[in-house]
Amino acid sequence: MAFVFRTVAQLAGMLLSLLGWVLACLTNYLPHWKNLNLDLNEMETWTQGLWQVCVVQEEVGRQCKDFDSFLALPVELRVSRILMFLSHGLGLLGLLVSGSGLDCLRVGERQRKWKKRLLILGGVLFWTAGVGVLVPVSWVAHVTVQEFWDETLPEVVPRWEFGEALFLGWFAGFSLLLGGCLVTWAACCTQAPLAAGQHPAADTQNLRHPLEMKNTRLTV
């Protein structure tokens with residue numbers, strides 16, 4: 001029964017981490033980190049992401065333009081690009097490392113210590129990848145709130161608001177964190193099953209006692 005719970009926890013952690021990694025990749029490239037609705041023209045909506053800004057018009061459709069310069073971007077967007085790429089790499093590495101340490105794989109069945117270390121390392125990589133998503137998303141959201149309530153700007157100036165990609169990024173980050181917790185818990189808080197051909201120490205001692213007694217009687 002313990003082996004079943006351990007395997008289920010490992011697979012659940014891997015699936016959550018994979019879901020979070022895929023959603024983090026989508027969050028990085030979606031141009032919906034910020035939304036801007038113009039009061040003067042309700043048929044026109046602006047969206048902004050890490051890589052481009054788009055305008056949606058009912059008559060023309062969507063038109064997007066990439067940012068011309070990386071250095072000309074605000075500091076939160078520049079750091080967000082770097083952190084998102086680091087999160088993608090760490091998440092992918094965590095999937096590969098944790099996948100190698102799963103108990104359901106026959107590879108390395110007799111090297112339980114190494115598989116446990118791989119699971120723990122994978123969980124740490126998932127945590128780091130989750131933080132790498134939550135930090136830029138929360139930072140952009142914080143700057144958006146500050147600009148929205150900036151009293152120095154005239155009231156007629158349009159204000160940016162939260163886009164759908166921010167909520168998707170929060171969900172991706174928490175999925176990676178939860179997946180890393182499950183993988184690490186399965187590695188540290190549950191007992192690994194014995195490999196084929198191995199027996200518990202207590203059973204081995206119980207088997208040796210009758211043999212020793214039998215040999216003693218034969219000697220006498």
# chains A, B, ... in the order shown; residues from 1 in each chain; ligands from 1
call {"tool": "residues_around", "arguments": {"residues": "Val157 in chain A", "least_positions_apart": "5", "cutoff": "12 Å", "atoms": "only C-alpha atoms", "output": "ChimeraX atom specification"}}
result
/A:36-40,147-152
call {"tool": "closest_residue", "arguments": {"among": "A:Ala172, A:Val143, A:Leu77, A:Leu18", "to": "Leu95 in chain A", "atoms": "only C-alpha atoms"}}
result
A:Leu18
call {"tool": "select_by_dssp", "arguments": {"residues": "range 14-54 of chain A", "states": "strand (DSSP E or B)", "output": "compact mmCIF listing (two decimals) with C-alpha atoms, in the first residue's frame"}}
result
# COMPACT_ATOMS: atom_id res chain seq x y z
CA LYS A 34 -1.58 44.05 -19.72
CA ASN A 35 -4.86 45.25 -21.21
CA LEU A 36 -5.84 48.81 -22.09
CA ASN A 37 -9.37 49.89 -23.02
CA GLU A 44 -10.16 49.36 -29.90
CA THR A 45 -8.27 47.38 -27.25
CA TRP A 46 -4.53 47.34 -26.57
CA THR A 47 -2.62 44.40 -25.12
CA GLN A 48 1.00 44.17 -24.07
CA GLN A 52 5.17 42.67 -28.38
CA VAL A 53 2.25 45.06 -28.13
CA CYS A 54 -0.99 44.44 -30.02
call {"tool": "select_by_dssp", "arguments": {"residues": "range 5-193 of chain A", "states": "alpha helix (DSSP H)", "output": "ChimeraX atom specification"}}
result
/A:5-29,75-100,112-148,164-188
call {"tool": "residues_around", "arguments": {"residues": "Leu93 in chain A", "least_positions_apart": "6", "cutoff": "9 Å", "atoms": "only C-alpha atoms", "output": "PyMOL selection string"}}
result
chain A and resi 122+125-126
call {"tool": "atom_distance", "arguments": {"atom1": "CA of Trp127 in chain A", "atom2": "CA of Met84 in chain A"}}
result
13.6 Å
